[in-house]
file data_5.txt (compact mmCIF, C-alpha atoms and all ligand atoms)
# COMPACT_ATOMS: atom_id res chain seq x y z
CA MET A 1 110.39 93.11 53.87
CA THR A 2 113.41 93.24 56.21
CA SER A 3 115.32 89.98 56.52
CA ASN A 4 115.53 88.05 59.78
CA VAL A 5 119.24 88.62 60.14
CA ARG A 6 120.54 91.64 61.97
CA PRO A 7 123.18 93.27 59.76
CA GLU A 8 126.61 93.23 61.38
CA ASN A 9 126.99 96.97 60.93
CA MET A 10 123.59 97.84 62.46
CA GLU A 11 124.23 100.43 65.15
CA ARG A 12 122.99 99.60 68.67
CA ILE A 13 120.09 101.94 69.55
CA THR A 14 121.21 103.59 72.76
CA THR A 15 120.02 107.19 72.47
CA LYS A 16 116.78 109.04 71.79
CA ALA A 17 118.21 110.40 68.53
CA LEU A 18 118.95 106.89 67.26
CA ALA A 19 115.54 105.70 68.44
CA ASP A 20 113.82 108.61 66.66
CA ALA A 21 115.62 107.73 63.44
CA PHE A 22 114.60 104.06 63.81
CA ILE A 23 110.97 105.08 64.45
CA GLU A 24 110.86 107.29 61.34
CA GLU A 25 112.35 104.52 59.23
CA GLN A 26 109.85 101.95 60.54
CA ILE A 27 106.88 104.29 60.08
CA ALA A 28 107.80 104.67 56.40
CA GLU A 29 108.39 100.94 56.02
CA VAL A 30 105.10 99.93 57.67
CA ARG A 31 103.11 102.46 55.62
CA ALA A 32 104.70 101.15 52.42
CA GLN A 33 104.03 97.54 53.45
CA VAL A 34 100.37 97.77 54.51
CA GLY A 35 99.01 100.66 52.44
CA ASP A 36 95.42 101.30 53.54
CA LYS A 37 94.84 97.77 54.88
CA LYS A 38 94.01 96.93 58.49
CA VAL A 39 96.55 95.41 60.85
CA LEU A 40 95.70 93.25 63.84
CA LEU A 41 97.78 93.09 67.02
CA ALA A 42 97.50 91.01 70.19
CA LEU A 43 98.27 93.63 72.82
CA SER A 44 99.18 91.99 76.11
CA GLY A 45 100.53 95.13 77.74
CA GLY A 46 104.05 93.68 77.86
CA VAL A 47 106.94 95.82 76.68
CA ASP A 48 107.25 94.33 73.18
CA SER A 49 103.60 94.38 72.13
CA SER A 50 103.15 97.83 73.71
CA VAL A 51 106.07 99.28 71.76
CA VAL A 52 104.75 97.78 68.53
CA ALA A 53 101.29 99.19 69.28
CA ALA A 54 102.64 102.69 69.97
CA LEU A 55 104.77 102.57 66.83
CA LEU A 56 101.91 101.41 64.62
CA ILE A 57 99.47 103.93 66.09
CA LYS A 58 101.95 106.57 64.96
CA ALA A 59 102.32 104.98 61.53
CA ILE A 60 98.76 103.99 60.63
CA GLY A 61 96.45 105.25 63.42
CA LYS A 62 93.05 103.55 63.41
CA GLN A 63 94.07 101.05 60.74
CA LEU A 64 95.64 99.20 63.66
CA VAL A 65 93.18 97.01 65.57
CA CYS A 66 94.52 95.99 68.97
CA VAL A 67 92.98 93.02 70.75
CA HIS A 68 93.64 92.73 74.46
CA VAL A 69 92.71 89.30 75.79
CA ASN A 70 92.29 89.10 79.55
CA HIS A 71 92.85 85.43 80.33
CA GLY A 72 91.92 85.96 83.96
CA LEU A 73 95.55 85.39 84.95
CA MET A 74 96.69 89.00 84.78
CA ARG A 75 98.08 90.87 87.75
CA LYS A 76 95.89 93.31 89.67
CA ASN A 77 94.67 96.24 87.49
CA GLU A 78 96.80 95.13 84.55
CA SER A 79 94.05 95.01 81.92
CA GLU A 80 92.54 98.24 83.26
CA ASN A 81 95.91 99.95 82.80
CA VAL A 82 96.27 98.69 79.22
CA ILE A 83 92.82 100.09 78.40
CA LYS A 84 93.53 103.39 80.14
CA LEU A 85 96.79 103.95 78.31
CA PHE A 86 96.00 102.68 74.83
CA GLU A 87 92.33 103.56 74.50
CA GLY A 88 92.25 106.51 76.86
CA GLU A 89 95.53 108.26 76.13
CA LEU A 90 96.73 106.99 72.77
CA ASP A 91 93.26 106.76 71.22
CA ALA A 92 93.90 103.25 69.91
CA ASN A 93 91.33 101.11 68.16
CA LEU A 94 91.15 98.56 70.98
CA ILE A 95 89.00 95.48 71.46
CA TYR A 96 88.93 94.21 75.03
CA VAL A 97 87.98 90.57 75.55
CA ASP A 98 87.37 89.31 79.06
CA ALA A 99 87.89 85.58 78.59
CA THR A 100 88.42 84.79 82.28
CA ASP A 101 85.69 82.16 82.45
CA ARG A 102 86.84 80.40 79.27
CA PHE A 103 90.35 79.98 80.66
CA LEU A 104 89.52 79.17 84.26
CA ASP A 105 86.88 76.62 83.27
CA LEU A 106 89.38 74.82 81.03
CA LEU A 107 92.07 74.92 83.71
CA ALA A 108 89.86 73.59 86.50
CA GLY A 109 91.44 70.47 88.01
CA VAL A 110 94.57 70.61 85.81
CA SER A 111 97.71 70.48 87.94
CA ASP A 112 100.53 69.61 85.52
CA PRO A 113 102.49 72.81 84.71
CA GLU A 114 103.15 71.97 81.07
CA LYS A 115 99.51 70.97 80.54
CA LYS A 116 98.46 74.29 82.07
CA ARG A 117 100.83 76.15 79.72
CA LYS A 118 99.50 74.24 76.70
CA ILE A 119 95.87 74.94 77.62
CA ILE A 120 96.56 78.64 78.17
CA GLY A 121 98.59 78.98 74.95
CA LYS A 122 96.03 77.11 72.82
CA GLU A 123 93.03 78.92 74.27
CA PHE A 124 94.76 82.25 73.84
CA ILE A 125 95.09 81.58 70.12
CA GLU A 126 91.47 80.46 69.92
CA VAL A 127 90.11 83.55 71.67
CA PHE A 128 92.27 85.76 69.49
CA ALA A 129 91.24 83.87 66.33
CA ASP A 130 87.55 84.24 67.27
CA GLU A 131 88.02 88.00 67.44
CA ALA A 132 90.01 88.07 64.19
CA ARG A 133 87.21 86.21 62.35
CA LYS A 134 84.68 88.83 63.46
CA LEU A 135 86.69 91.59 61.78
CA GLU A 136 86.60 92.39 58.10
CA GLY A 137 89.35 93.48 55.78
CA VAL A 138 92.29 92.60 57.99
CA SER A 139 95.27 91.42 55.95
CA TYR A 140 98.14 91.86 58.36
CA LEU A 141 99.13 90.61 61.78
CA ALA A 142 101.60 92.68 63.78
CA GLN A 143 103.81 90.89 66.28
CA GLY A 144 106.19 92.03 68.97
CA THR A 145 108.86 89.56 67.87
CA ILE A 146 112.32 90.72 68.99
CA TYR A 147 115.76 89.50 67.96
CA PRO A 148 116.27 87.05 70.87
CA ASP A 149 113.00 85.32 69.78
CA ILE A 150 114.48 84.81 66.32
CA LEU A 151 117.75 83.51 67.78
CA GLU A 152 115.77 81.18 70.09
CA SER A 153 113.76 79.70 67.19
CA ILE A 154 116.99 79.09 65.30
CA LYS A 155 118.34 77.21 68.35
CA GLN A 156 115.16 75.15 68.59
CA ALA A 157 115.23 74.39 64.88
CA GLU A 158 118.72 73.02 65.48
CA GLY A 159 117.21 70.55 67.94
CA LYS A 160 118.12 72.12 71.32
CA LYS A 161 115.53 71.34 73.95
CA ALA A 162 113.71 74.11 75.84
CA VAL A 163 113.24 73.67 79.63
CA LYS A 164 109.71 75.10 79.52
CA SER A 165 107.35 75.72 76.63
CA HIS A 166 107.01 79.52 76.70
CA HIS A 167 103.91 80.72 74.97
CA ASN A 168 103.66 83.54 72.46
CA VAL A 169 101.05 84.20 69.80
CA GLY A 170 101.85 82.12 66.80
CA GLY A 171 100.42 79.18 64.96
CA LEU A 172 97.06 80.76 64.13
CA PRO A 173 94.50 78.41 62.52
CA GLU A 174 94.76 77.66 58.79
CA ASP A 175 91.75 79.80 57.82
CA LEU A 176 93.45 82.91 59.16
CA LYS A 177 96.23 83.79 56.82
CA PHE A 178 97.90 87.07 57.56
CA GLN A 179 101.08 88.65 56.38
CA LEU A 180 103.32 89.60 59.26
CA VAL A 181 104.36 93.06 60.36
CA GLU A 182 107.27 92.80 62.78
CA PRO A 183 108.81 96.25 63.17
CA ILE A 184 111.09 95.46 66.14
CA LYS A 185 112.27 92.01 65.10
CA LEU A 186 115.92 93.04 64.75
CA LEU A 187 116.10 94.77 68.14
CA PHE A 188 117.44 93.54 71.44
CA LYS A 189 115.40 94.20 74.58
CA ASP A 190 117.43 97.20 75.75
CA GLU A 191 116.89 98.82 72.35
CA VAL A 192 113.15 98.12 72.49
CA ARG A 193 113.03 100.02 75.77
CA VAL A 194 114.89 103.03 74.33
CA VAL A 195 112.46 103.04 71.38
CA GLY A 196 109.51 102.73 73.80
CA GLU A 197 110.60 105.80 75.74
CA ALA A 198 111.19 107.73 72.53
CA LEU A 199 107.61 106.87 71.55
CA GLY A 200 106.43 108.46 74.80
CA LEU A 201 105.35 105.31 76.63
CA PRO A 202 105.49 105.64 80.44
CA HIS A 203 108.81 104.69 82.06
CA GLU A 204 107.12 102.10 84.36
CA MET A 205 105.69 100.31 81.35
CA VAL A 206 108.89 100.33 79.32
CA TYR A 207 111.00 99.12 82.24
CA ARG A 208 108.45 96.79 83.79
CA GLN A 209 109.62 93.40 84.95
CA PRO A 210 109.05 90.42 82.66
CA PHE A 211 105.73 88.65 83.14
CA PRO A 212 105.22 85.17 81.68
CA GLY A 213 102.59 84.61 78.98
CA PRO A 214 100.63 82.17 81.20
CA GLY A 215 100.64 84.89 83.85
CA LEU A 216 99.57 84.09 87.39
CA GLY A 217 98.58 80.66 86.05
CA VAL A 218 102.10 79.35 86.71
CA ARG A 219 102.29 81.05 90.12
CA CYS A 220 99.02 79.64 91.46
CA LEU A 221 100.68 76.24 91.80
CA GLY A 222 98.92 73.03 90.82
CA ALA A 223 95.22 73.10 89.98
CA ILE A 224 94.08 76.74 89.92
CA THR A 225 91.09 77.73 92.02
CA ARG A 226 89.45 81.14 91.89
CA ASP A 227 89.84 81.83 95.61
CA ARG A 228 93.56 80.99 95.67
CA LEU A 229 94.12 82.93 92.43
CA HIS A 230 92.42 85.94 94.00
CA ALA A 231 94.61 85.66 97.12
CA LEU A 232 97.73 85.42 94.93
CA ARG A 233 96.73 88.50 92.90
CA GLU A 234 96.15 90.58 96.04
CA ALA A 235 99.37 89.41 97.73
CA ASP A 236 101.37 90.09 94.56
CA ALA A 237 99.91 93.61 94.33
CA ILE A 238 101.03 94.31 97.91
CA LEU A 239 104.54 93.02 97.17
CA ARG A 240 104.80 95.23 94.10
CA GLU A 241 103.46 98.26 95.94
CA GLU A 242 105.99 97.85 98.76
CA PHE A 243 108.87 97.27 96.34
CA ASP A 244 107.88 100.50 94.57
CA LYS A 245 107.61 102.47 97.80
CA ASN A 246 110.96 101.21 99.06
CA GLY A 247 112.97 101.86 95.91
CA LEU A 248 113.44 98.17 95.12
CA ALA A 249 111.39 98.04 91.93
CA GLY A 250 114.20 99.35 89.72
CA LYS A 251 116.85 97.30 91.53
CA VAL A 252 115.34 93.84 91.27
CA TRP A 253 114.87 92.17 87.89
CA GLN A 254 111.84 90.06 88.76
CA TYR A 255 109.82 89.83 91.96
CA PHE A 256 106.52 88.14 92.56
CA VAL A 257 104.44 85.96 94.83
CA VAL A 258 103.74 82.25 94.44
CA VAL A 259 100.89 80.52 96.26
CA PRO A 260 101.08 76.72 96.57
CA ASP A 261 98.13 74.46 97.13
CA ILE A 262 98.92 73.64 100.76
CA LYS A 263 97.44 74.92 103.96
CA SER A 264 98.93 75.32 107.41
CA VAL A 265 97.32 76.01 110.72
CA GLY A 266 97.32 79.53 112.06
CA VAL A 267 95.36 81.63 114.52
CA LYS A 268 93.32 84.74 113.93
CA ASP A 269 90.87 86.52 116.23
CA GLU A 270 91.59 83.79 118.78
CA SER A 271 90.34 81.08 116.42
CA ARG A 272 92.02 78.43 114.31
CA TYR A 273 92.75 79.89 110.88
CA GLU A 274 93.91 77.59 108.09
CA GLY A 275 95.48 79.34 105.18
CA TRP A 276 97.91 79.17 102.27
CA PRO A 277 101.45 80.53 102.45
CA ALA A 278 102.50 83.38 100.15
CA ILE A 279 106.04 82.75 98.89
CA ILE A 280 108.11 85.76 97.86
CA ARG A 281 110.60 85.36 95.00
CA ALA A 282 112.93 88.24 94.11
CA VAL A 283 115.76 87.54 91.68
CA ASN A 284 118.37 89.31 89.66
CA THR A 285 119.69 88.12 86.32
CA THR A 286 120.87 89.46 83.02
CA ASP A 287 119.62 86.75 80.67
CA ALA A 288 117.17 84.64 82.76
CA MET A 289 119.42 81.60 82.21
CA SER A 290 120.82 81.92 85.72
CA ALA A 291 119.65 84.09 88.59
CA THR A 292 120.80 85.24 92.01
CA ILE A 293 118.78 86.16 95.07
CA GLU A 294 118.36 89.82 95.88
CA GLU A 295 118.77 90.68 99.55
CA ILE A 296 115.66 92.47 100.71
CA PRO A 297 115.91 94.52 103.94
CA TYR A 298 114.16 92.80 106.84
CA SER A 299 112.13 95.93 107.59
CA VAL A 300 110.56 95.70 104.11
CA LEU A 301 109.95 91.96 104.48
CA HIS A 302 108.24 92.54 107.84
CA LYS A 303 106.01 95.22 106.35
CA ILE A 304 105.06 92.97 103.42
CA THR A 305 104.36 90.06 105.77
CA ASP A 306 102.20 92.25 108.00
CA ARG A 307 100.22 93.61 105.10
CA ILE A 308 99.71 90.30 103.28
CA THR A 309 98.62 88.38 106.37
CA ASN A 310 96.28 91.18 107.48
CA GLU A 311 94.87 92.26 104.13
CA VAL A 312 94.64 89.07 102.08
CA GLU A 313 91.87 86.62 102.81
CA GLY A 314 93.15 83.04 102.91
CA ILE A 315 96.88 83.71 103.50
CA ASN A 316 98.27 83.04 106.96
CA ARG A 317 102.05 82.87 106.39
CA VAL A 318 104.69 84.60 104.27
CA LEU A 319 107.86 82.76 103.20
CA MET A 320 110.91 83.80 101.20
CA ASP A 321 112.44 81.64 98.48
CA LEU A 322 116.26 81.85 98.71
CA THR A 323 117.06 79.47 95.85
CA PRO A 324 119.21 80.71 92.97
CA LYS A 325 118.86 79.46 89.39
CA PRO A 326 120.17 76.87 88.96
CA VAL A 327 118.95 74.87 90.83
CA GLY A 328 115.51 76.47 91.03
CA THR A 329 114.07 77.97 87.88
CA ILE A 330 112.78 81.52 88.29
CA GLU A 331 109.13 80.50 88.14
CA TRP A 332 108.03 77.59 90.31
CA GLU A 333 106.27 75.82 87.45
P1 LIG A 401 112.33 80.12 84.28
O1 LIG A 401 111.18 79.83 85.19
O2 LIG A 401 112.39 79.20 83.09
O3 LIG A 401 112.02 81.56 83.70
O4 LIG A 401 113.64 80.22 85.00
C1 LIG A 401 112.89 82.34 82.92
C2 LIG A 401 112.13 83.59 82.50
O5 LIG A 401 111.07 83.21 81.62
C3 LIG A 401 109.81 83.56 82.17
N1 LIG A 401 108.88 82.47 81.88
C4 LIG A 401 107.97 82.49 80.89
N2 LIG A 401 107.70 83.45 79.98
N3 LIG A 401 106.01 82.06 79.10
C5 LIG A 401 106.70 83.22 79.10
O6 LIG A 401 106.40 84.09 78.25
C6 LIG A 401 106.23 81.05 79.97
O7 LIG A 401 105.58 80.01 79.95
C7 LIG A 401 107.28 81.29 80.92
N4 LIG A 401 107.81 80.53 81.92
C8 LIG A 401 108.78 81.29 82.50
C9 LIG A 401 110.05 83.76 83.65
O8 LIG A 401 109.08 84.65 84.22
C10 LIG A 401 111.45 84.31 83.65
O9 LIG A 401 111.45 85.69 83.38

call {"tool": "encode", "arguments": {"input": "data_5.txt", "output": "structure tokens", "more": "lines below"}}
Ligand code: XMP
result
Amino acid sequence: MTSNVRPENMERITTKALADAFIEEQIAEVRAQVGDKKVLLALSGGVDSSVVAALLIKAIGKQLVCVHVNHGLMRKNESENVIKLFEGELDANLIYVDATDRFLDLLAGVSDPEKKRKIIGKEFIEVFADEARKLEGVSYLAQGTIYPDILESIKQAEGKKAVKSHHNVGGLPEDLKFQLVEPIKLLFKDEVRVVGEALGLPHEMVYRQPFPGPGLGVRCLGAITRDRLHALREADAILREEFDKNGLAGKVWQYFVVVPDIKSVGVKDESRYEGWPAIIRAVNTTDAMSATIEEIPYSVLHKITDRITNEVEGINRVLMDLTPKPVGTIEWE
């Protein structure tokens, strides 16, 4: 198995030719490692797990079992798109688990951000483990670990404190012992994207903005309720649609909506209309350690405000967050 240290002379993968060579090398390595055994993968639809899935489908076809857990905190149509691409187009062996109720029931009334993260992370592992136990003959677990993850764990092992507890699959229960398959663990993110395109994944998927593991759970501030989560999902979809239409999607690193648990008074159809505000956050960064605010043309902001307040039930104001990181973190929780 490859070591966890990137060799100093390893060439940066910047072209399709280099990516193709990497893919061929990994296909041979994975085949040699797993033989005719089954491999399990938690497929979130994020760049890393999607690239691993596409690579392993090429290497071992139906021996790969992908599990997509919908924790009910995905963005609009996100799970549908994962199913369409991987099951529909790439013919993957895909198990879809709609665990929305399990997550939202556990999260009811919980307002502390770190508690929310812990609940989501722990339940994610449990749902995934439940699926893994139902399967027979699986010896391997594939993971979309990339090189910055390895560097981050080294930092944490050295005792440096993380600001937030980011959640990834890991720490499966004792009874589930798998050997790991981590084909992209020595790659940096830009290289993962080049490999993703070389594998034929759609450009929008390979270059999609980062989305936190706990999903909309950390953007529906405080204790999550289904109605506010629904409003957030719809408002976020409108923001993304308008950014796409106005050529901002490729220019802004991360952009999303946050909905806090406060209401203000408004007026609609000549009646009092109490609603939540939708807060727009659009930031640019290179490493997520610091971030600047992207200037969005007023015409686009007006359009977004119009659409959100008219189309989304429960939202009566749209605000823009102008705080760089530091002092604000990118996410509100
Ligand atoms: P912050 O909010 O710490 O975010 O400035 C930096 C980057 O990390 C993402 N983020 C997370 N990603 N699990 C994740 O996988 C998390 O719990 C989490 N919290 C924040 C955030 O979206 C941004 O890209």

call {"tool": "axis_aligned_box", "arguments": {"input": "data_5.txt", "around": "range 91-108 of chain A", "padding_each_side": "3 Å", "output": "lines of an AutoDock Vina configuration file"}}
result
center_x = 89.8
center_y = 90.2
center_z = 77.3
size_x = 14.2
size_y = 39.2
size_z = 24.3

call {"tool": "closest_atom_pairs", "arguments": {"input": "data_5.txt", "of": "chain A", "to": "ligand LIG 401 (chain A)", "cutoff": "7 Å", "atoms": "all atoms listed in the file", "output": "JSON lines"}}
result
{"residue": "A:Arg117", "atom": "CA", "partner": "A:LIG401", "partner_atom": "O7", "distance": 6.1}
{"residue": "A:Val163", "atom": "CA", "partner": "A:LIG401", "partner_atom": "O2", "distance": 6.6}
{"residue": "A:Lys164", "atom": "CA", "partner": "A:LIG401", "partner_atom": "O2", "distance": 6.1}
{"residue": "A:Ser165", "atom": "CA", "partner": "A:LIG401", "partner_atom": "O7", "distance": 5.7}
{"residue": "A:His166", "atom": "CA", "partner": "A:LIG401", "partner_atom": "O7", "distance": 3.6}
{"residue": "A:His167", "atom": "CA", "partner": "A:LIG401", "partner_atom": "N3", "distance": 4.8}
{"residue": "A:Asn168", "atom": "CA", "partner": "A:LIG401", "partner_atom": "O6", "distance": 6.4}
{"residue": "A:Pro210", "atom": "CA", "partner": "A:LIG401", "partner_atom": "O9", "distance": 5.4}
{"residue": "A:Phe211", "atom": "CA", "partner": "A:LIG401", "partner_atom": "O8", "distance": 5.3}
{"residue": "A:Pro212", "atom": "CA", "partner": "A:LIG401", "partner_atom": "N2", "distance": 3.5}
{"residue": "A:Gly213", "atom": "CA", "partner": "A:LIG401", "partner_atom": "O6", "distance": 3.9}
{"residue": "A:Pro214", "atom": "CA", "partner": "A:LIG401", "partner_atom": "O7", "distance": 5.5}
{"residue": "A:Gln254", "atom": "CA", "partner": "A:LIG401", "partner_atom": "O9", "distance": 6.9}
{"residue": "A:Ala288", "atom": "CA", "partner": "A:LIG401", "partner_atom": "C1", "distance": 4.9}
{"residue": "A:Met289", "atom": "CA", "partner": "A:LIG401", "partner_atom": "O4", "distance": 6.6}
{"residue": "A:Lys325", "atom": "CA", "partner": "A:LIG401", "partner_atom": "O4", "distance": 6.9}
{"residue": "A:Thr329", "atom": "CA", "partner": "A:LIG401", "partner_atom": "O4", "distance": 3.7}
{"residue": "A:Ile330", "atom": "CA", "partner": "A:LIG401", "partner_atom": "O4", "distance": 3.6}
{"residue": "A:Glu331", "atom": "CA", "partner": "A:LIG401", "partner_atom": "O1", "distance": 3.7}
{"residue": "A:Trp332", "atom": "CA", "partner": "A:LIG401", "partner_atom": "O1", "distance": 6.4}
{"residue": "A:Glu333", "atom": "CA", "partner": "A:LIG401", "partner_atom": "O1", "distance": 6.7}

call {"tool": "atom_distance", "arguments": {"input": "data_5.txt", "atom1": "CA of Glu11 in chain A", "atom2": "CA of Ala142 in chain A"}}
result
24.0 Å

call {"tool": "residues_around", "arguments": {"input": "data_5.txt", "residues": "range 226-232 of chain A", "least_positions_apart": "6", "cutoff": "7 Å", "atoms": "only C-alpha atoms", "output": "PyMOL selection string"}}
result
chain A and resi 220+257-259+312-314

call {"tool": "closest_residue", "arguments": {"input": "data_5.txt", "among": "A:Leu248, A:Val39, A:Thr292, A:Leu301", "to": "Gly328 in chain A", "atoms": "all atoms listed in the file"}}
result
A:Thr292

call {"tool": "closest_residue", "arguments": {"input": "data_5.txt", "among": "A:Ile296, A:Met320, A:Val69, A:Val283", "to": "Asp130 in chain A", "atoms": "all atoms listed in the file"}}
result
A:Val69

call {"tool": "atom_distance", "arguments": {"input": "data_5.txt", "atom1": "CA of Phe178 in chain A", "atom2": "CA of Val34 in chain A"}}
result
11.4 Å

call {"tool": "closest_residue", "arguments": {"input": "data_5.txt", "among": "A:Ile83, A:Ala162, A:Ala132, A:Ala99", "to": "His71 in chain A", "atoms": "all atoms listed in the file"}}
result
A:Ala99

call {"tool": "closest_residue", "arguments": {"input": "data_5.txt", "among": "A:Ile13, A:Leu151, A:Leu319, A:Ile308", "to": "Ala237 in chain A", "atoms": "only C-alpha atoms"}}
result
A:Ile308

call {"tool": "residues_around", "arguments": {"input": "data_5.txt", "residues": "Ile120 in chain A", "least_positions_apart": "2", "cutoff": "10 Å", "atoms": "only C-alpha atoms", "output": "VMD selection string"}}
result
chain A and resid 71 73 102 to 104 106 to 107 114 to 118 122 to 126 167 213 to 215 217

call {"tool": "residues_around", "arguments": {"input": "data_5.txt", "residues": "Pro202 in chain A", "least_positions_apart": "5", "cutoff": "12 Å", "atoms": "only C-alpha atoms", "output": "mmCIF file with C-alpha atoms, keeping the file's coordinate frame"}}
result
data_model
loop_
_atom_site.group_PDB
_atom_site.id
_atom_site.type_symbol
_atom_site.label_atom_id
_atom_site.label_comp_id
_atom_site.auth_asym_id
_atom_site.auth_seq_id
_atom_site.Cartn_x
_atom_site.Cartn_y
_atom_site.Cartn_z
ATOM 1 C CA GLY A 45 100.530 95.130 77.740
ATOM 2 C CA VAL A 47 106.940 95.820 76.680
ATOM 3 C CA SER A 50 103.150 97.830 73.710
ATOM 4 C CA VAL A 51 106.070 99.280 71.760
ATOM 5 C CA ALA A 54 102.640 102.690 69.970
ATOM 6 C CA ASN A 81 95.910 99.950 82.800
ATOM 7 C CA VAL A 82 96.270 98.690 79.220
ATOM 8 C CA LEU A 85 96.790 103.950 78.310
ATOM 9 C CA PHE A 86 96.000 102.680 74.830
ATOM 10 C CA GLU A 89 95.530 108.260 76.130
ATOM 11 C CA LEU A 90 96.730 106.990 72.770
ATOM 12 C CA ARG A 193 113.030 100.020 75.770
ATOM 13 C CA VAL A 194 114.890 103.030 74.330
ATOM 14 C CA VAL A 195 112.460 103.040 71.380
ATOM 15 C CA GLY A 196 109.510 102.730 73.800
ATOM 16 C CA GLU A 197 110.600 105.800 75.740
ATOM 17 C CA TYR A 207 111.000 99.120 82.240
ATOM 18 C CA ARG A 208 108.450 96.790 83.790
#

call {"tool": "residues_near_point", "arguments": {"input": "data_5.txt", "point": "(100.4, 88.5, 55.9)", "cutoff": "12 Å", "atoms": "only C-alpha atoms", "output": "PyMOL selection string"}}
result
chain A and resi 1+33-34+37-40+138-143+172+176-182

call {"tool": "write_last_selection", "arguments": {"input": "data_5.txt", "atoms": "C-alpha atoms", "output": "JSON list (two decimals), in the frame of the given file"}}
result
[["chain", "number", "residue", "atom", "x", "y", "z"],
["A", 1, "MET", "CA", 110.39, 93.11, 53.87],
["A", 33, "GLN", "CA", 104.03, 97.54, 53.45],
["A", 34, "VAL", "CA", 100.37, 97.77, 54.51],
["A", 37, "LYS", "CA", 94.84, 97.77, 54.88],
["A", 38, "LYS", "CA", 94.01, 96.93, 58.49],
["A", 39, "VAL", "CA", 96.55, 95.41, 60.85],
["A", 40, "LEU", "CA", 95.70, 93.25, 63.84],
["A", 138, "VAL", "CA", 92.29, 92.60, 57.99],
["A", 139, "SER", "CA", 95.27, 91.42, 55.95],
["A", 140, "TYR", "CA", 98.14, 91.86, 58.36],
["A", 141, "LEU", "CA", 99.13, 90.61, 61.78],
["A", 142, "ALA", "CA", 101.60, 92.68, 63.78],
["A", 143, "GLN", "CA", 103.81, 90.89, 66.28],
["A", 172, "LEU", "CA", 97.06, 80.76, 64.13],
["A", 176, "LEU", "CA", 93.45, 82.91, 59.16],
["A", 177, "LYS", "CA", 96.23, 83.79, 56.82],
["A", 178, "PHE", "CA", 97.90, 87.07, 57.56],
["A", 179, "GLN", "CA", 101.08, 88.65, 56.38],
["A", 180, "LEU", "CA", 103.32, 89.60, 59.26],
["A", 181, "VAL", "CA", 104.36, 93.06, 60.36],
["A", 182, "GLU", "CA", 107.27, 92.80, 62.78]]

call {"tool": "residues_near_point", "arguments": {"input": "data_5.txt", "point": "(95.2, 74.2, 90.3)", "cutoff": "9 Å", "atoms": "only C-alpha atoms", "output": "PDB file with C-alpha atoms, in the frame of the given file"}}
result
ATOM      1  CA  LEU A 107      92.070  74.920  83.710  1.00  0.00           C
ATOM      2  CA  ALA A 108      89.860  73.590  86.500  1.00  0.00           C
ATOM      3  CA  GLY A 109      91.440  70.470  88.010  1.00  0.00           C
ATOM      4  CA  VAL A 110      94.570  70.610  85.810  1.00  0.00           C
ATOM      5  CA  SER A 111      97.710  70.480  87.940  1.00  0.00           C
ATOM      6  CA  ASP A 112     100.530  69.610  85.520  1.00  0.00           C
ATOM      7  CA  LYS A 116      98.460  74.290  82.070  1.00  0.00           C
ATOM      8  CA  GLY A 217      98.580  80.660  86.050  1.00  0.00           C
ATOM      9  CA  CYS A 220      99.020  79.640  91.460  1.00  0.00           C
ATOM     10  CA  LEU A 221     100.680  76.240  91.800  1.00  0.00           C
ATOM     11  CA  GLY A 222      98.920  73.030  90.820  1.00  0.00           C
ATOM     12  CA  ALA A 223      95.220  73.100  89.980  1.00  0.00           C
ATOM     13  CA  ILE A 224      94.080  76.740  89.920  1.00  0.00           C
ATOM     14  CA  THR A 225      91.090  77.730  92.020  1.00  0.00           C
ATOM     15  CA  ARG A 228      93.560  80.990  95.670  1.00  0.00           C
ATOM     16  CA  PRO A 260     101.080  76.720  96.570  1.00  0.00           C
ATOM     17  CA  ASP A 261      98.130  74.460  97.130  1.00  0.00           C
TER      18      ASP A 261
END

call {"tool": "atom_distance", "arguments": {"input": "data_5.txt", "atom1": "CA of Gln209 in chain A", "atom2": "CA of Glu25 in chain A"}}
result
28.2 Å
